[in-house]
Structures are given as structure tokens and as C-alpha cells.
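First the structure, in the form of C-alpha cells, and then the observations on it.
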2 protein chains.
Amino acid sequence: MKVEKISELTTNRLSVYLRCLNELLVEGSRTVSSDKLAKRFHLNSAQIRKDLACFGEFGVRGVGYYVEELRDHLQKILGLNKKHQVAIIGAGRLGTALADYYGFTQTNFDVVALFDNNESRIGKKVGDVEIFDIKNFAKLVKRDKIDVAVIAVPAAIAQSVLERITKAGIKAVMNFAPTPLQVEGDVKLKTVDLTISLESLSYFLSQTNNSNENN
Amino acid sequence: MKVEKISELTTNRLSVYLRCLNELLVEGSRTVSSDKLAKRFHLNSAQIRKDLACFGEFGVRGVGYYVEELRDHLQKILGLNKKHQVAIIGAGRLGTALADYYGFTQTNFDVVALFDNNESRIGKKVGDVEIFDIKNFAKLVKRDKIDVAVIAVPAAIAQSVLERITKAGIKAVMNFAPTPLQVEGDVKLKTVDLTISLESLSYFLSQTNNSNENN
DNA sequence: TTTTGTTTGTAACCTTTTTCACAAATACAC
DNA sequence: GTGTATTTGTGAAAAAGGTTACAAACAAAA
């Protein structure tokens, strides 16, 4: 078992493995080898073994891994055995869409509050979740033990929102504003930038078109 | 100038550079050096130069890059000089949120149609965009020259939706369903998997908490 | 014209990530 | 038991990605 720093690429894959194992569990598999797992879900068996090896020796040589046991280990490793309280800042279309995104609702991530600075939105509800005035952010973070924040505001104000989040003591932030943000301290920020994804997609599109022209 | 295959990491950065240049243009800068660009936007100057070098020699030694000229080059490289017609499949909250996401509306990506299989949604409009029956997908792709598809349906049916998209001849697909999809042929698929991002975030959160306990 | 200062483009180097390959461990058949 | 078939865990190799460092190119001042 390695004790090195775990890369984000690894933790991302752990999440994938977890999903695969859940699928296998539903199908009733008791054990699975890294090779079967890899073939079934188009992964690399050596990488699976190496990723898992970062956290312990979960497998049995000649047998493989016990599906349920490994699933439980991964859940624990990823911190999915504890509930997380999520706040979404920005109650526009994206923010409200995220508020009942199944990834948030179906798991141990609970969206407990939406925040906005727009008077006309404050006080309304999206499903069970109330939209609060951003001014009360710090207070509600404390009250509801919010530990994850999602930024779903326009790019122009995203940095100031992040600072508010950081000041409130939140350590995990997901950013949907199409702009890179500067982080203070040991806060973990993940940016999902749709503009970058789209424009990058556009590049590959133009490549295909050009090569077709040359045929 | 290199002629190697361009990595996705590079095209992602090109999109970032483009954004930076647009910002500089608004501020009225005529030229910029890779060093100034890097310092201003927290990038690496050598990497900027290397990324650009994949596509030509755009700079002038001793001067830097002409902002507007480089901007135009990047737009061309990324295929952003042509309009793209986007279809969103799945007219739930996420699909409709994406339909008027500014990244789609504000640029040369035009959302021209939403698709769903739910009778109650078909025929309605989200902003200017009509929700069509998924059965008419291929027909409308042809009529409206749709070249980008966005999957915003539940994971369980995402693969079958992708196959429909592929059959209709679309080469660029963005997937928001939290599941990896198998691509046929030369279709470019980008998956934005919020579950993976969230669970990965959860890992780092549990790390922070554990190390605090040990203090 | 020459010198000085700036900045690109890139070769060489370093780091990270992925893949390969195999000894060690286990199960199971005989 | 012994032998055969699996499969893990992990070094070592390969590939991919990022950084450093500097010659070559150019601008501007002297």
C-alpha cells in the first residue's frame, strides 16, 4: 500500500469503480476480478489494481475482489458514508436545475439551501429547498452545517462569491461559472467550465470537417 | 510548428487563452507577451507559447502577440468562426437550463431544438426553443443542420440516445448523463459527470477532516 | 550602425500518469 | 499433497504532460 498523495485522476476513477461495483451488486455478482471489471466497463485492469493499492490490499489472489466489501471500502475512502450539506449560490436556471439534479438528491449530498441576491427570488422554493438572501449565507452555513458550496452565478461575481464561501469556512467548492477562480488556503475547488468543454468540442468538430474536405 | 496530434488539454487551454485575449481586447491592449498573459491570468508562459506553437508562429520576438490577431487565429483554430446548431436531448430541468445557458446563447452555438419522449413536454417552448418529439430527431437534424448534440437524459437511456445521435450523423456530443458511454466511429464525446466531480470533492473533504482530527 | 533589452520558439530536462510484465499468493481439481 | 489455473500487487518501462533555459529574432535607443 502506497502512502503518496492521491491524485485527482485517481479519486475520479474511484468514483467510477464505485458506480461499476454498484451495478455488479444489482446483478448479484459476489466477486469480480480486475480483469473482468476492466473488460466489462472498458477500463484498464492494471490501473484498477494500482488505484486500489493506494488504500490497502482489498483483493484475494486467485479470486479477485469481493464486490460488496470493495464497494463499502470505496464509499468509506470517498467519504460517502457521511452526509454532506450542500448550498447552491445562484438561483437562476442552472442553480435551480442543480438543486434537483439526481446526483444531489439521490445520494448523501443534501441540498439544504439556495442563495441569491435578487429580491424577487428570495423566499421562493425549488422543490423543498428555500431560496435565501445571500446576506444570510454565513449564518445559515453555521446553522445547517453546510460543508459543500456550489457556485452557479455569473462569471463576473463568481470570485466575490467564492470569497464569501471561503470566509464562511467551507472547504469544498464546485464552480460552474465559466471563469477560473483564485483560491485562498486549503479550500478544494473544482471548476466545471462548459464553455471550455464546448469550444474544445468545436475544435475536434472542425478537425473532422477539414479532414473530410481533404478526402 | 508541430504537426502532432493535439491533446484535449491543449484545446482546453486554447479556449482559456481565447477568453483572456477577449478580456484584454476589451481593456484596449494591442499587444501582449506570453509572460504578461501568464502573470495576469495565472498561467505558465512557456506553456502558452508551446500550445500556440502547435498551430503556427503567431508571435513577434521582442514584441509578443498582437491581441486581436491572435484572438482571430484562436477562434479559427477552435472552429468558432462558424455557427454551430445544437440539439439538446432531454427537456428536464437540466436540459432546459442548458437551453438558455449563456455559453450556448451568447456565442456561435445556437440551440435550435430540444427533444424529449414525454408527451406532456412536446410542443412546449423554452425561450425561443421548441421541444420536439425524439422520434423526429433524424429529420430535424437534417432540416436544421444540427451538428452538436447534448445528452441531458437519465443515465439508463443515455447509451440508446447516443446511438440515435450517431445514426443521425452528428460527430460532436456532450454528455451530462452520469455514465460512461461507448462511442461508435469518429464521434467526439465529452462527458461532464457531476457525480464523479462531487464524489472526488467528497474525498478531499474527508481528507481535510481527518487531518484536522489528528491535529 | 551598433548596442541593449525584450520576447519568441523550441530542445532538453523533469514530472506525472499509464501500461507492461511477472513473482507471489490463492483456489481447485485430481 | 501436488500440480494447474487464476489473479493480485508492484517494480520497471513507456508515454504523456509540463518546465527550464537559451539561441535566434526583433525593437528601440544610443
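Naming works like this for the C-alpha cells: A, B, ... for the chains as they're shown, residue 1 at the start of each chain, ligands 1 onward in shown order.
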
For the structure I just gave you, how does DSSP split segment 142-204 of chain B - specifically, which residues are helix (DSSP H, G or I)? Reply as a PDB file with C-alpha atoms, in the first residue's frame.
```pdb
ATOM      1  CA  LYS B 142     -31.133  17.183 -41.366  1.00  0.00           C
ATOM      2  CA  ARG B 143     -33.515  20.114 -41.732  1.00  0.00           C
ATOM      3  CA  ASP B 144     -31.747  22.378 -39.238  1.00  0.00           C
ATOM      4  CA  ALA B 155     -28.212   7.542 -17.284  1.00  0.00           C
ATOM      5  CA  ALA B 156     -30.305   4.476 -18.063  1.00  0.00           C
ATOM      6  CA  ILE B 157     -31.266   5.654 -21.554  1.00  0.00           C
ATOM      7  CA  ALA B 158     -28.164   7.717 -22.386  1.00  0.00           C
ATOM      8  CA  GLN B 159     -26.498   4.976 -24.434  1.00  0.00           C
ATOM      9  CA  SER B 160     -29.531   4.470 -26.664  1.00  0.00           C
ATOM     10  CA  VAL B 161     -29.826   8.228 -27.127  1.00  0.00           C
ATOM     11  CA  LEU B 162     -26.173   8.357 -28.134  1.00  0.00           C
ATOM     12  CA  GLU B 163     -26.792   5.688 -30.731  1.00  0.00           C
ATOM     13  CA  ARG B 164     -29.658   7.678 -32.183  1.00  0.00           C
ATOM     14  CA  ILE B 165     -27.423  10.743 -32.304  1.00  0.00           C
ATOM     15  CA  THR B 166     -24.653   8.813 -34.005  1.00  0.00           C
ATOM     16  CA  LYS B 167     -27.036   7.326 -36.571  1.00  0.00           C
ATOM     17  CA  LEU B 194     -21.160  15.766 -11.914  1.00  0.00           C
ATOM     18  CA  THR B 195     -21.326  12.651  -9.768  1.00  0.00           C
ATOM     19  CA  ILE B 196     -17.635  11.976 -10.313  1.00  0.00           C
ATOM     20  CA  SER B 197     -16.766  15.596  -9.570  1.00  0.00           C
ATOM     21  CA  LEU B 198     -18.849  15.573  -6.415  1.00  0.00           C
ATOM     22  CA  GLU B 199     -17.543  12.282  -5.096  1.00  0.00           C
ATOM     23  CA  SER B 200     -13.992  13.297  -5.836  1.00  0.00           C
ATOM     24  CA  LEU B 201     -14.651  16.519  -3.931  1.00  0.00           C
ATOM     25  CA  SER B 202     -16.014  14.434  -1.087  1.00  0.00           C
ATOM     26  CA  TYR B 203     -12.726  12.542  -0.914  1.00  0.00           C
ATOM     27  CA  PHE B 204     -10.706  15.704  -0.420  1.00  0.00           C
TER      28      PHE B 204
END
```

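Copies chain B and chain A share one sequence; their C-alpha RMSD after superposition is 0.2 Å.
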
Exercise: segment 120-125 of chain B partners within 12 Å, only C-alpha atoms (C1' of nucleotides), chain neighbours under 6 positions left out, as number ranges by chain: B: 89-93, 95-96, 99-100, 112-114, 131-136

Take the residues just selected and output them with C-alpha atoms as a short mmCIF file (atom, residue, chain, number, x, y, z; two decimals), in the first residue's frame.
```
data_model
loop_
_atom_site.label_atom_id
_atom_site.label_comp_id
_atom_site.auth_asym_id
_atom_site.auth_seq_id
_atom_site.Cartn_x
_atom_site.Cartn_y
_atom_site.Cartn_z
CA ILE B 89 -31.94 15.75 -25.85
CA GLY B 90 -33.86 15.65 -22.61
CA ALA B 91 -36.10 18.59 -21.72
CA GLY B 92 -35.99 18.12 -17.97
CA ARG B 93 -34.59 20.74 -15.63
CA GLY B 95 -31.84 20.26 -20.45
CA THR B 96 -33.95 23.39 -20.21
CA ALA B 99 -31.03 25.64 -23.37
CA ASP B 100 -30.59 29.15 -22.15
CA VAL B 112 -32.17 25.13 -32.25
CA ALA B 113 -34.15 22.27 -30.73
CA LEU B 114 -34.94 20.37 -27.54
CA ILE B 131 -39.44 20.84 -27.56
CA PHE B 132 -39.82 18.18 -30.25
CA ASP B 133 -40.67 14.50 -30.16
CA ILE B 134 -37.46 12.47 -30.10
CA LYS B 135 -38.97 10.36 -32.91
CA ASN B 136 -38.43 13.27 -35.28
#
```

DSSP strand (DSSP E or B) residues within segment 52-157 of chain A, as a ChimeraX atom specification: /A:60,64-66,84-89,109-116,125-126,129-133,148-151

Sorted by chain and rising residue number, list the residues of chain B at most 10 Å from chain C (counting only C-alpha atoms (C1' of nucleotides)), each with its closest atom pair and distance in Å to one decimal, as a tab-separated table.
```
residue	atom	partner	partner_atom	distance
B:Met1	CA	C:DG9	C1'	8.7
B:Ser33	CA	C:DT7	C1'	7.1
B:Ser34	CA	C:DT7	C1'	8.2
B:Asp35	CA	C:DT7	C1'	8.7
B:Ala46	CA	C:DG9	C1'	9.5
B:Arg49	CA	C:DG9	C1'	7.3
B:Lys50	CA	C:DG9	C1'	7.7
B:Leu52	CA	C:DG9	C1'	9.8
B:Ala53	CA	C:DG9	C1'	7.2
B:Glu57	CA	C:DG9	C1'	7.9
B:Phe58	CA	C:DT8	C1'	9.2
B:Gly59	CA	C:DT8	C1'	6.4
B:Val60	CA	C:DT8	C1'	6.4
B:Arg61	CA	C:DT8	C1'	4.5
B:Gly62	CA	C:DT7	C1'	4.2
B:Val63	CA	C:DT7	C1'	6.1
B:Gly64	CA	C:DT7	C1'	6.1
B:Tyr65	CA	C:DT8	C1'	9.3
```

Residue hits in chain D, query chain A, radius 9 Å, only C-alpha atoms (C1' of nucleotides), as a ChimeraX atom specification: /D:5-10

Go ahead and save the picked residues with C-alpha atoms (C1' of nucleotides), as a short mmCIF file (atom, residue, chain, number, x, y, z; two decimals), in the first residue's frame.
```cif
data_model
loop_
_atom_site.label_atom_id
_atom_site.label_comp_id
_atom_site.auth_asym_id
_atom_site.auth_seq_id
_atom_site.Cartn_x
_atom_site.Cartn_y
_atom_site.Cartn_z
"C1'" DA D 5 -5.09 -22.16 -13.42
"C1'" DT D 6 -6.13 -17.59 -11.66
"C1'" DT D 7 -5.38 -13.19 -10.12
"C1'" DT D 8 -3.34 -9.83 -7.15
"C1'" DG D 9 0.21 -6.30 -6.05
"C1'" DT D 10 4.01 -3.92 -7.73
#
```

Spatial neighbours of segment 70-72 of chain B, 8 Å, only C-alpha atoms (C1' of nucleotides), chain gap at least 4 places, as a PyMOL selection string: chain B and resi 18+21-22+58+65-66+76

Dump as a compact mmCIF listing (two decimals), in the first residue's frame, selection limited to C-alpha atoms:
```txt
# COMPACT_ATOMS: atom_id res chain seq x y z
CA LEU B 18 -9.18 32.99 -26.13
CA LEU B 21 -7.48 37.72 -25.08
CA ASN B 22 -11.07 38.88 -25.33
CA PHE B 58 1.87 33.90 -34.17
CA TYR B 65 1.49 38.72 -29.71
CA TYR B 66 -0.95 41.09 -31.39
CA LYS B 76 -10.40 29.99 -36.36
```

For atom CA of Met174 of chain B and atom CA of Asp128 of chain B, the interatomic separation in Å (one decimal):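 These atoms are spaced 21.4 Å apart.
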
Pick from B:Leu74, B:Leu94, B:Leu9, B:Val129, whichever lies nearest to chain A using only C-alpha atoms: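 Using only C-alpha atoms, the shortest distance to chain A belongs to B:Leu94.
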
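Remark: for Phe109 of chain B, the closest of the candidate residues B:Ala168, B:Cys20, B:Val86, B:Leu43 is B:Val86 (distances computed over only C-alpha atoms).
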